[in-house]
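File shown: target-v7.cif. Contents: mmCIF, C-alpha atoms.
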```
data_final
loop_
_atom_site.label_atom_id
_atom_site.label_comp_id
_atom_site.auth_asym_id
_atom_site.auth_seq_id
_atom_site.Cartn_x
_atom_site.Cartn_y
_atom_site.Cartn_z
CA MET X 7 0.41 -0.42 58.54
CA HIS X 8 -1.65 -3.36 57.30
CA ASP X 9 -5.41 -3.49 56.78
CA THR X 10 -7.36 -6.03 58.76
CA PRO X 11 -8.37 -8.86 56.39
CA PRO X 12 -12.13 -9.21 55.85
CA ALA X 13 -14.01 -12.01 57.49
CA GLY X 14 -14.56 -14.98 55.23
CA PRO X 15 -13.12 -18.34 54.32
CA PRO X 16 -9.42 -18.77 55.06
CA GLY X 17 -6.91 -18.33 52.26
CA PRO X 18 -4.79 -21.07 50.68
CA PRO X 19 -2.58 -23.09 53.05
CA PRO X 20 0.96 -21.86 53.72
CA THR X 21 3.76 -23.18 51.62
CA ASP X 22 5.82 -24.44 54.62
CA PRO X 23 4.86 -28.12 55.27
CA ALA X 24 6.09 -28.00 58.90
CA LEU X 25 4.01 -24.91 59.66
CA PHE X 26 1.02 -26.45 57.96
CA ALA X 27 1.36 -29.66 60.03
CA ALA X 28 1.73 -27.66 63.27
CA ASP X 29 -1.35 -25.55 62.52
CA ALA X 30 -3.35 -28.65 61.64
CA ALA X 31 -2.33 -30.37 64.87
CA PHE X 32 -3.11 -27.24 66.90
CA ALA X 33 -6.51 -26.89 65.26
CA GLU X 34 -7.22 -30.56 65.95
CA ASP X 35 -6.20 -30.22 69.61
CA ALA X 36 -8.18 -26.99 69.99
CA SER X 37 -11.29 -28.60 68.52
CA THR X 38 -10.80 -31.63 70.78
CA ASP X 39 -10.33 -29.40 73.82
CA ALA X 40 -13.46 -27.38 72.91
CA ALA X 41 -15.44 -30.56 72.45
CA LEU X 42 -14.27 -31.93 75.80
CA SER X 43 -14.74 -28.72 77.77
CA ARG X 44 -18.09 -27.76 76.15
CA PRO X 45 -20.23 -30.87 76.02
CA GLY X 46 -23.34 -28.66 75.76
CA ILE X 47 -24.33 -25.10 74.99
CA ALA X 48 -23.26 -23.00 77.95
CA PRO X 49 -24.76 -19.60 78.74
CA ALA X 50 -22.70 -16.53 77.70
CA PRO X 51 -23.82 -13.37 79.50
CA HIS X 52 -20.68 -11.47 78.41
CA GLY X 53 -20.63 -12.71 74.80
CA ARG X 54 -18.77 -15.44 73.07
CA CYS X 55 -15.18 -15.81 71.96
CA ALA X 56 -14.44 -14.67 68.40
CA TRP X 57 -12.17 -17.69 67.90
CA ASP X 58 -13.79 -20.78 69.49
CA ASP X 59 -17.25 -19.41 70.41
CA ARG X 60 -16.79 -20.10 74.15
CA PRO X 61 -18.46 -17.89 76.76
CA LEU X 62 -16.37 -14.84 77.55
CA PRO X 63 -15.34 -14.06 81.12
CA PRO X 64 -16.14 -10.62 82.56
CA ALA X 65 -14.06 -7.75 81.14
CA THR X 66 -11.37 -6.32 83.41
CA GLY X 67 -10.94 -3.00 81.56
CA LYS X 68 -12.96 -0.44 79.68
CA ARG X 69 -12.68 -2.27 76.34
CA PRO X 70 -14.89 -5.34 75.82
CA ARG X 71 -13.18 -8.68 75.54
CA LEU X 72 -13.07 -10.45 72.16
CA TYR X 73 -11.33 -13.63 73.13
CA CYS X 74 -11.78 -15.90 76.10
CA SER X 75 -8.05 -16.41 76.60
CA ASP X 76 -4.65 -15.38 75.31
CA ALA X 77 -4.42 -18.70 73.50
CA CYS X 78 -7.53 -17.85 71.43
CA LYS X 79 -6.17 -14.34 70.85
CA ASN X 80 -2.82 -15.77 69.68
CA ALA X 81 -4.63 -18.38 67.57
CA ALA X 82 -6.72 -15.65 65.88
CA SER X 83 -3.58 -13.57 65.35
CA ARG X 84 -1.83 -16.57 63.82
CA ALA X 85 -4.84 -17.18 61.58
CA ARG X 86 -4.78 -13.55 60.40
CA LYS X 87 -1.04 -13.73 59.78
CA LYS X 88 -1.46 -17.01 57.96
CA THR X 89 -4.17 -15.41 55.77
CA GLU X 90 -1.94 -12.41 55.11
CA LEU X 91 0.97 -14.71 54.29
CA ALA X 92 -1.21 -16.77 51.96
CA ALA X 93 -2.44 -13.58 50.25
CA VAL X 94 1.15 -12.31 49.87
CA THR X 95 2.32 -15.68 48.54
CA THR X 96 -0.59 -15.79 46.09
CA ALA X 97 0.08 -12.20 44.98
CA VAL X 98 3.80 -12.93 44.49
CA THR X 99 2.99 -16.09 42.52
CA GLU X 100 0.39 -14.29 40.39
CA ALA X 101 2.76 -11.35 39.80
CA GLY X 102 5.52 -13.73 38.72
CA THR X 103 3.09 -15.59 36.45
CA ALA X 104 1.79 -12.31 34.99
CA LEU X 105 5.35 -11.10 34.39
CA THR X 106 6.29 -14.44 32.84
CA ASP X 107 3.15 -14.31 30.64
CA ALA X 108 3.73 -10.67 29.72
CA ARG X 109 7.36 -11.18 28.65
CA PRO X 110 6.54 -13.36 25.54
CA VAL X 111 3.70 -10.97 24.71
CA LEU X 112 6.09 -8.01 24.83
CA GLU X 113 8.66 -9.89 22.77
CA ALA X 114 6.00 -10.98 20.25
CA LEU X 115 4.65 -7.43 20.13
CA ALA X 116 8.14 -6.04 19.49
CA THR X 117 8.62 -8.69 16.76
CA VAL X 118 5.26 -7.76 15.20
CA VAL X 119 6.16 -4.06 15.31
CA ASP X 120 9.54 -4.75 13.66
CA ARG X 121 7.92 -6.96 11.01
CA PHE X 122 5.22 -4.39 10.38
CA ALA X 123 7.83 -1.62 10.11
CA ASP X 124 9.82 -3.80 7.65
CA LYS X 125 6.68 -4.47 5.62
CA VAL X 126 5.78 -0.78 5.61
CA ASP X 127 9.33 0.09 4.46
CA LEU X 128 9.19 -2.64 1.80
CA ALA X 129 5.77 -1.46 0.58
CA GLU X 130 6.99 2.14 0.54
CA ARG X 131 10.14 1.20 -1.37
CA GLY X 132 8.09 -0.87 -3.84
CA ALA X 133 5.53 1.91 -4.27
CA LEU X 134 8.32 4.48 -4.75
CA ALA X 135 10.00 2.17 -7.29
CA ARG X 136 6.70 1.71 -9.12
CA LEU X 137 6.12 5.46 -8.96
CA ALA X 138 9.62 6.15 -10.32
CA THR X 139 9.06 3.55 -13.07
CA ALA X 140 5.67 5.05 -13.91
CA GLU X 141 7.16 8.55 -13.97
CA ALA X 142 10.03 7.34 -16.18
CA GLU X 143 7.54 5.63 -18.50
CA ALA X 144 5.40 8.78 -18.47
CA ALA X 145 8.50 10.83 -19.33
CA ASP X 146 9.33 8.39 -22.16
CA ASP X 147 5.73 8.58 -23.33
CA ARG X 148 5.85 12.36 -23.21
CA ALA X 149 9.13 12.29 -25.19
CA ASP X 150 7.58 9.86 -27.70
CA ALA X 151 4.49 12.03 -27.87
CA GLN X 152 6.68 15.13 -28.46
CA THR X 153 8.62 13.22 -31.15
CA ALA X 154 5.34 12.08 -32.69
CA ARG X 155 4.05 15.66 -32.60
CA GLU X 156 7.24 16.88 -34.29
CA GLN X 157 7.00 14.10 -36.87
CA ALA X 158 3.32 14.87 -37.38
CA GLN X 159 4.17 18.56 -37.77
CA ALA X 160 6.96 17.66 -40.24
CA ALA X 161 4.56 15.35 -42.06
CA GLU X 162 1.95 18.13 -42.13
CA THR X 163 4.59 20.55 -43.47
CA ALA X 164 5.63 17.98 -46.08
CA ARG X 165 1.96 17.41 -46.93
CA ILE X 166 1.41 21.15 -47.35
CA THR X 167 4.60 21.41 -49.47
CA ALA X 168 3.49 18.40 -51.54
CA GLU X 169 0.04 19.91 -52.03
CA ARG X 170 1.65 23.16 -53.08
CA SER X 171 3.99 21.28 -55.44
CA MET X 172 1.02 19.31 -56.77
CA ARG X 173 -0.96 22.51 -57.29
CA ALA X 174 2.09 24.02 -59.03
CA ALA X 175 2.46 20.86 -61.12
CA LEU X 176 -1.24 20.90 -62.00
CA GLN X 177 -0.92 24.58 -62.86
CA ALA X 178 2.17 23.82 -64.96
CA GLN X 179 0.30 20.92 -66.56
CA GLY X 180 -2.60 23.25 -67.35
CA GLN X 181 -0.21 25.81 -68.78
CA ALA X 182 1.55 23.05 -70.79
CA GLU X 183 -1.80 21.79 -72.02
CA GLU X 184 -2.74 25.36 -72.96
CA ARG X 185 0.63 25.80 -74.73
CA GLU X 186 0.08 22.41 -76.43
CA ALA X 187 -3.39 23.48 -77.55
CA ALA X 188 -1.98 26.80 -78.79
CA ALA X 189 0.86 24.96 -80.57
CA ARG X 190 -1.60 22.55 -82.13
CA ALA X 191 -3.76 25.45 -83.18
CA ASP X 192 -0.66 27.20 -84.63
CA LEU X 193 0.35 23.94 -86.35
CA GLU X 194 -3.12 23.52 -87.78
CA ARG X 195 -3.11 27.11 -88.93
CA VAL X 196 0.36 26.67 -90.54
CA ALA X 197 -0.69 23.39 -92.10
CA GLU X 198 -3.90 24.93 -93.39
CA LYS X 199 -1.93 27.85 -94.69
CA THR X 200 0.61 25.48 -96.23
CA ARG X 201 -2.14 23.38 -97.79
CA ALA X 202 -3.76 26.54 -99.07
CA GLU X 203 -0.44 27.70 -100.42
CA VAL X 204 0.25 24.27 -101.93
CA LEU X 205 -3.18 24.33 -103.59
CA ASP X 206 -2.53 27.84 -104.68
CA LEU X 207 0.90 26.79 -105.96
CA GLY X 208 -0.71 23.86 -107.75
CA LYS X 209 -3.18 26.15 -109.36
CA LYS X 210 -0.42 28.54 -110.23
CA LEU X 211 1.68 25.65 -111.55
CA GLY X 212 -1.22 24.57 -113.74
CA GLU X 213 -1.68 28.08 -114.92
CA ALA X 214 2.09 28.32 -115.49
CA THR X 215 2.12 25.08 -117.41
CA GLU X 216 -0.75 26.26 -119.51
CA ALA X 217 0.91 29.59 -119.84
CA ALA X 218 4.20 27.83 -120.83
CA GLU X 219 2.33 26.02 -123.49
CA HIS X 220 0.78 29.23 -124.66
CA ALA X 221 3.57 31.64 -123.96
CA ALA X 222 7.21 30.76 -123.92
CA ALA X 223 8.20 34.29 -123.21
CA VAL X 224 7.09 34.17 -119.66
CA THR X 225 8.61 30.73 -119.00
CA ALA X 226 11.64 32.14 -117.24
CA ASP X 227 9.48 34.37 -115.13
CA GLN X 228 7.24 31.45 -114.29
CA ALA X 229 10.30 29.31 -113.58
CA ASN X 230 11.64 31.99 -111.27
CA GLN X 231 8.27 32.25 -109.61
CA LEU X 232 8.18 28.49 -109.35
CA ARG X 233 11.62 28.41 -107.67
CA ALA X 234 10.50 31.19 -105.38
CA LEU X 235 7.38 29.22 -104.60
CA ARG X 236 9.43 26.09 -104.04
CA THR X 237 11.73 28.03 -101.72
CA GLU X 238 8.68 29.26 -99.84
CA ALA X 239 7.33 25.75 -99.76
CA LYS X 240 10.65 24.47 -98.35
CA GLU X 241 10.61 27.23 -95.77
CA ALA X 242 7.02 26.36 -94.95
CA ARG X 243 8.00 22.64 -94.69
CA ALA X 244 10.99 23.63 -92.47
CA ALA X 245 8.68 25.78 -90.33
CA ALA X 246 6.23 22.88 -90.10
CA THR X 247 9.09 20.50 -89.13
CA ALA X 248 10.28 22.99 -86.51
CA LEU X 249 6.74 23.31 -85.23
CA GLN X 250 6.45 19.53 -85.07
CA GLY X 251 9.79 19.32 -83.16
CA ASP X 252 8.59 22.05 -80.80
CA LEU X 253 5.32 20.16 -80.37
CA ALA X 254 7.27 16.92 -79.63
CA ASP X 255 9.42 18.80 -77.09
CA ARG X 256 6.30 20.23 -75.51
CA GLU X 257 4.72 16.78 -75.43
CA ARG X 258 7.88 15.40 -73.76
CA ASP X 259 7.77 18.29 -71.27
CA LEU X 260 4.10 17.58 -70.69
CA ALA X 261 4.89 13.86 -70.11
CA ALA X 262 7.70 14.83 -67.73
CA GLU X 263 5.34 17.22 -65.89
CA ARG X 264 2.73 14.46 -65.75
CA ALA X 265 5.38 12.04 -64.37
CA ARG X 266 6.44 14.64 -61.81
CA ALA X 267 2.80 15.22 -60.89
CA ALA X 268 2.30 11.44 -60.51
CA ALA X 269 5.48 11.24 -58.39
CA LEU X 270 4.28 14.16 -56.29
CA GLY X 271 0.91 12.44 -55.95
CA ASP X 272 2.67 9.26 -54.77
CA GLN X 273 4.75 11.32 -52.36
CA LEU X 274 1.60 13.06 -51.16
CA THR X 275 -0.13 9.70 -50.65
CA GLU X 276 2.94 8.41 -48.80
CA GLN X 277 3.12 11.56 -46.71
CA ARG X 278 -0.59 11.23 -45.92
CA GLY X 279 -0.04 7.60 -44.91
CA ARG X 280 2.89 8.62 -42.72
CA ALA X 281 0.80 11.46 -41.28
CA ASP X 282 -2.02 9.00 -40.51
CA THR X 283 0.49 6.58 -38.92
CA LEU X 284 2.03 9.38 -36.89
CA ALA X 285 -1.42 10.58 -35.85
CA THR X 286 -2.26 7.01 -34.75
CA GLN X 287 1.05 6.78 -32.87
CA LEU X 288 0.37 10.20 -31.32
CA ALA X 289 -3.11 9.08 -30.19
CA ALA X 290 -1.64 5.82 -28.81
CA ALA X 291 1.12 7.77 -27.05
CA GLN X 292 -1.47 10.16 -25.59
CA ASP X 293 -3.56 7.18 -24.44
CA ASP X 294 -0.43 5.58 -22.92
CA GLY X 295 0.39 8.89 -21.25
CA ARG X 296 -3.12 9.16 -19.84
CA ARG X 297 -2.96 5.55 -18.63
CA ALA X 298 0.46 6.16 -17.14
CA ARG X 299 -0.82 9.30 -15.38
CA ALA X 300 -3.87 7.36 -14.15
CA GLU X 301 -1.63 4.50 -12.93
CA THR X 302 0.67 7.06 -11.29
CA ALA X 303 -2.29 8.69 -9.55
CA ALA X 304 -3.57 5.25 -8.47
CA VAL X 305 -0.10 4.27 -7.19
CA ARG X 306 0.17 7.56 -5.32
CA ALA X 307 -3.32 7.10 -3.84
CA GLU X 308 -2.44 3.52 -2.86
CA LEU X 309 0.85 4.72 -1.36
CA ASP X 310 -0.96 7.45 0.60
CA GLU X 311 -3.51 4.90 1.83
CA LEU X 312 -0.73 2.46 2.78
CA ARG X 313 1.12 5.23 4.58
CA HIS X 314 -2.05 6.33 6.38
CA THR X 315 -2.96 2.75 7.36
CA GLY X 316 0.64 2.00 8.34
CA ASP X 317 0.81 5.18 10.42
CA GLU X 318 -2.45 4.33 12.18
CA GLN X 319 -1.39 0.73 12.84
CA LEU X 320 2.07 1.88 13.91
CA ARG X 321 0.55 4.45 16.29
CA ALA X 322 -1.80 1.77 17.67
CA LEU X 323 1.08 -0.67 18.09
CA ARG X 324 3.22 2.01 19.70
CA THR X 325 0.35 2.83 22.06
CA GLN X 326 -0.02 -0.88 22.89
CA LEU X 327 3.74 -1.16 23.32
CA GLU X 328 3.80 1.86 25.63
CA ASP X 329 0.85 0.42 27.58
CA ALA X 330 2.63 -2.92 27.78
CA ARG X 331 5.82 -1.17 28.90
CA ALA X 332 3.85 0.81 31.49
CA GLN X 333 2.19 -2.41 32.66
CA GLY X 334 5.61 -4.07 32.72
CA ALA X 335 7.02 -1.19 34.76
CA THR X 336 4.00 -1.37 37.07
CA SER X 337 4.41 -5.13 37.31
CA ALA X 338 8.10 -4.69 38.05
CA THR X 339 7.29 -2.10 40.76
CA GLU X 340 4.62 -4.38 42.14
CA LEU X 341 7.07 -7.28 42.01
CA VAL X 342 9.63 -5.28 43.98
CA ARG X 343 6.94 -4.37 46.49
CA LEU X 344 5.82 -7.99 46.65
CA GLN X 345 9.40 -9.14 47.05
CA THR X 346 9.71 -6.70 49.96
CA LEU X 347 6.48 -8.05 51.39
CA HIS X 348 7.76 -11.57 50.80
CA GLU X 349 10.93 -10.82 52.73
CA ALA X 350 8.79 -9.34 55.51
CA ALA X 351 6.60 -12.44 55.29
CA GLN X 352 9.68 -14.63 55.57
CA ASP X 353 10.59 -12.71 58.71
CA ARG X 354 7.07 -13.26 59.96
CA ILE X 355 7.33 -16.94 59.10
CA THR X 356 10.49 -17.12 61.17
CA ASP X 357 8.66 -15.45 64.06
CA LEU X 358 5.71 -17.76 63.53
CA ARG X 359 7.98 -20.77 63.61
CA GLY X 360 9.26 -19.60 66.99
CA GLN X 361 5.70 -19.10 68.12
CA CYS X 362 4.87 -22.51 66.71
CA ASP X 363 7.56 -24.05 68.85
CA ASP X 364 6.05 -22.27 71.83
CA LEU X 365 2.64 -23.50 70.80
CA LYS X 366 3.96 -27.03 70.51
CA ALA X 367 5.10 -26.82 74.10
CA GLN X 368 1.71 -25.43 75.09
CA ARG X 369 0.06 -28.15 73.08
CA GLU X 370 2.00 -30.80 74.93
CA ALA X 371 0.91 -29.22 78.17
CA LEU X 372 -2.69 -29.10 76.97
CA ARG X 373 -2.49 -32.71 75.88
CA ALA X 374 -1.26 -33.61 79.33
CA GLU X 375 -4.22 -31.73 80.81
CA VAL X 376 -6.56 -33.46 78.36
CA ARG X 377 -5.19 -36.85 79.30
CA GLU X 378 -5.59 -35.93 82.93
CA LEU X 379 -9.16 -34.83 82.33
CA ARG X 380 -9.88 -38.03 80.45
CA ALA X 381 -8.45 -40.05 83.29
CA ARG X 382 -10.65 -38.14 85.71
CA LEU X 383 -13.67 -38.73 83.53
CA ASP X 384 -12.82 -42.38 83.19
CA SER X 385 -12.41 -42.70 86.98
CA ASN X 386 -15.69 -40.85 87.69
CA PRO X 387 -18.25 -42.02 85.05
CA ALA X 388 -21.21 -41.07 87.27
CA ARG X 389 -20.14 -37.44 87.25
CA ALA X 390 -19.74 -37.56 83.49
CA GLY X 391 -23.26 -38.94 83.20
CA ASP X 392 -24.60 -36.12 85.36
CA GLU X 393 -22.85 -33.54 83.31
CA GLY X 394 -24.18 -35.19 80.18
#
```
Encoded form using structure tokens:
Amino acid sequence: MHDTPPAGPPGPPPTDPALFAADAAFAEDASTDAALSRPGIAPAPHGRCAWDDRPLPPATGKRPRLYCSDACKNAASRARKKTELAAVTTAVTEAGTALTDARPVLEALATVVDRFADKVDLAERGALARLATAEAEAADDRADAQTAREQAQAAETARITAERSMRAALQAQGQAEEREAAARADLERVAEKTRAEVLDLGKKLGEATEAAEHAAAVTADQANQLRALRTEAKEARAAATALQGDLADRERDLAAERARAAALGDQLTEQRGRADTLATQLAAAQDDGRRARAETAAVRAELDELRHTGDEQLRALRTQLEDARAQGATSATELVRLQTLHEAAQDRITDLRGQCDDLKAQREALRAEVRELRARLDSNPARAGDEG
């Protein structure tokens, strides 16, 4: 069941040149016939023909007449069929053009989707590689930071040990200095005692000499006393020598303790320098770790954003692809329907060609009638003038 086409200008001409020539000739003959048969405006009490605007004859049935003759009715039917055929041909051509135009778009869209998916995979792989690298660097930084902490702790332990050793050395130095002061005091006391004894012995020797001059009886006793005093003096000199040796040993020990204290001070300074270096390395490692964590967070945020944007674009492209596929399926269905209509139109064209042959015969008959009418008009010009 087909809808009646709306009134308006006729559609594009049919694609068959023979049919187009026949319709043009028929239209020319019909216009000529109308011009010859209707030299003026005739009255139309029953209306006018919907095809050539001639007066309608009286109706023979209940339905009003639309056409003045079967020829006009067939001509109007052919015009409607020609319009339908032109519309079908145009629709088939436009559907084929739309399908042809949509195919590169679908292919380009599929290519864009594949390229976008490849880029998303490449970006994800690169981001994951950067993330793995950043995590590995962060792990290395954490290991370096742990090593630096251990070294700093060892340096701090060594510093504490060195400070303890230095305090012990300073304490030993103080004790050595105290022992040296005590030894010097003892040596001074022994020397003072020895000097006092020497002076005393000198006095006694003078007294003995004077006594020897005055009394020879006590010479042996004085000589014995003198030997005893000399023995005491030798013992005192030996004690002083021993005290001097002990003092030299204590001075050497004090010098050794001072050297050890200086060495410990150097070690402490070195340990402090190492501790400062390790603290600097620890701070740098902590800064690197913070930067690595910040870069890792930035890379993760960028990766999340890329994934979110890629997902949105991929969903949009998939939606467009599904719409394009749906439009392609609709176009394919429409194309099948139009192909069916085209086949029906071809059948109609075949029927129309048969009708055209019939119309050609009718046209020849009408031409013969027209020639006859012209001959009559030519043979009776007075009548033609009256009618004019």
| Residues returned when the PyMOL selection byres ((chain X and resi 57) around 9) runs on this file, as a count of residues only | 13
| Best match for closeness to Leu320 of chain X among X:Arg109, X:Arg131, X:His52, X:Arg121, counting all atoms listed in the file | X:Arg121
| Atomic separation - atom CA of Glu186 of chain X relative to atom CA of Gly271 of chain X, Å |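 Here the two named atoms are 22.8 Å from each other.
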| query | Skipping near chain neighbours, those fewer than 3 positions away, what residues fall within 7 Å of Ala151 of chain X using only C-alpha atoms, listed as a ChimeraX atom specification? | reply | /X:147-148,154-155,288,291-292
| request: Find the residue from X:Ala351, X:Ala202, X:Ala138, X:Leu260 that sits nearest to Gln177 of chain X; use all atoms listed in the file when measuring. | output: X:Leu260
| query | Can you tell me how far atom CA of Asp317 of chain X sits from atom CA of Leu134 of chain X, in Å to one decimal? | reply | 16.9 Å
| In Å, with one decimal, what is the gap from atom CA of Ala281 of chain X to atom CA of Glu162 of chain X? | 6.8 Å
| query | If we count only C-alpha atoms, what is near segment 331-335 of chain X at a cut-off of 12 Å, once residues fewer than 4 positions away on the same chain are taken out, given as a ChimeraX atom specification? | reply | /X:101-102,104-113,115-116,323-327,339-342
Since we have the selection now, will you write its residues out, keeping C-alpha atoms, as a CSV table (one decimal), in the coordinates of the input?
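Result went into out.csv, see below:
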```
chain,number,residue,atom,x,y,z
X,101,ALA,CA,2.8,-11.4,39.8
X,102,GLY,CA,5.5,-13.7,38.7
X,104,ALA,CA,1.8,-12.3,35.0
X,105,LEU,CA,5.4,-11.1,34.4
X,106,THR,CA,6.3,-14.4,32.8
X,107,ASP,CA,3.2,-14.3,30.6
X,108,ALA,CA,3.7,-10.7,29.7
X,109,ARG,CA,7.4,-11.2,28.6
X,110,PRO,CA,6.5,-13.4,25.5
X,111,VAL,CA,3.7,-11.0,24.7
X,112,LEU,CA,6.1,-8.0,24.8
X,113,GLU,CA,8.7,-9.9,22.8
X,115,LEU,CA,4.6,-7.4,20.1
X,116,ALA,CA,8.1,-6.0,19.5
X,323,LEU,CA,1.1,-0.7,18.1
X,324,ARG,CA,3.2,2.0,19.7
X,325,THR,CA,0.4,2.8,22.1
X,326,GLN,CA,0.0,-0.9,22.9
X,327,LEU,CA,3.7,-1.2,23.3
X,339,THR,CA,7.3,-2.1,40.8
X,340,GLU,CA,4.6,-4.4,42.1
X,341,LEU,CA,7.1,-7.3,42.0
X,342,VAL,CA,9.6,-5.3,44.0
```
| field | Residue nearest Thr315 of chain X among X:Ala123, X:Ala50, X:Asp384, X:Glu184 (counting all atoms listed in the file) | value |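 Residue with the minimum atom-to-atom distance to Thr315 of chain X: X:Ala123.
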| task | Return the single residue from X:Arg359, X:Arg233, X:His220, X:Arg343 that is closest to Val98 of chain X, with distances computed using all atoms listed in the file. | result |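 Closest to Val98 of chain X, using all atoms listed in the file: X:Arg343.
Of the listed residues (X:Arg369, X:Lys210, X:Arg382, X:Leu137), X:Leu137 comes nearest to Ala307 of chain X; the distances count all atoms listed in the file.
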| Restricting the calculation to all atoms listed in the file, which member of X:Glu194, X:Asp364, X:Glu370, X:Glu169 is positioned closest to Gln277 of chain X? |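 So, comparing all the options, the nearest one is X:Glu169.
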| field | Selection: 10 Å around Glu141 of chain X, all atoms listed in the file, excl. self and same-chain fewer than 5 positions, as a PyMOL selection string | value | chain X and resi 135-136+146-147+295+298-299+301-302
| field | For Leu193 of chain X: contacts at 8 Å, all atoms listed in the file, fewer than 6 positions along chain excluded, given as a ChimeraX atom specification | value | /X:246,249-250
Taking the block above, write segment 346-351 of chain X with all heavy atoms as a short mmCIF file (atom, residue, chain, number, x, y, z; two decimals), in the first residue's frame.
```cif
data_model
loop_
_atom_site.label_atom_id
_atom_site.label_comp_id
_atom_site.auth_asym_id
_atom_site.auth_seq_id
_atom_site.Cartn_x
_atom_site.Cartn_y
_atom_site.Cartn_z
N THR X 346 14.36 -3.62 -2.95
CA THR X 346 13.07 -4.27 -3.24
C THR X 346 12.14 -3.33 -3.99
O THR X 346 11.48 -3.70 -4.98
CB THR X 346 12.42 -4.71 -1.92
OG1 THR X 346 13.34 -5.55 -1.21
CG2 THR X 346 11.14 -5.49 -2.18
N LEU X 347 12.12 -2.07 -3.50
CA LEU X 347 11.29 -1.07 -4.19
C LEU X 347 11.78 -0.83 -5.61
O LEU X 347 11.00 -0.62 -6.54
CB LEU X 347 11.29 0.24 -3.40
CG LEU X 347 10.58 0.22 -2.04
CD1 LEU X 347 10.76 1.55 -1.33
CD2 LEU X 347 9.10 -0.09 -2.21
N HIS X 348 13.13 -0.88 -5.75
CA HIS X 348 13.69 -0.67 -7.09
C HIS X 348 13.29 -1.81 -8.04
O HIS X 348 12.96 -1.56 -9.21
CB HIS X 348 15.21 -0.57 -6.98
CG HIS X 348 15.88 -0.34 -8.31
ND1 HIS X 348 15.72 0.83 -9.03
CD2 HIS X 348 16.71 -1.13 -9.04
CE1 HIS X 348 16.41 0.75 -10.15
NE2 HIS X 348 17.04 -0.43 -10.18
N GLU X 349 13.32 -3.02 -7.50
CA GLU X 349 12.88 -4.14 -8.34
C GLU X 349 11.40 -3.98 -8.71
O GLU X 349 11.00 -4.21 -9.87
CB GLU X 349 13.10 -5.44 -7.58
CG GLU X 349 14.58 -5.77 -7.40
CD GLU X 349 14.77 -7.02 -6.55
OE1 GLU X 349 13.75 -7.57 -6.08
OE2 GLU X 349 15.94 -7.44 -6.38
N ALA X 350 10.59 -3.56 -7.67
CA ALA X 350 9.18 -3.32 -7.98
C ALA X 350 9.04 -2.19 -9.00
O ALA X 350 8.19 -2.23 -9.91
CB ALA X 350 8.41 -2.98 -6.71
N ALA X 351 9.92 -1.16 -8.84
CA ALA X 351 9.87 -0.05 -9.79
C ALA X 351 10.27 -0.50 -11.18
O ALA X 351 9.72 -0.03 -12.19
CB ALA X 351 10.78 1.08 -9.31
#
```
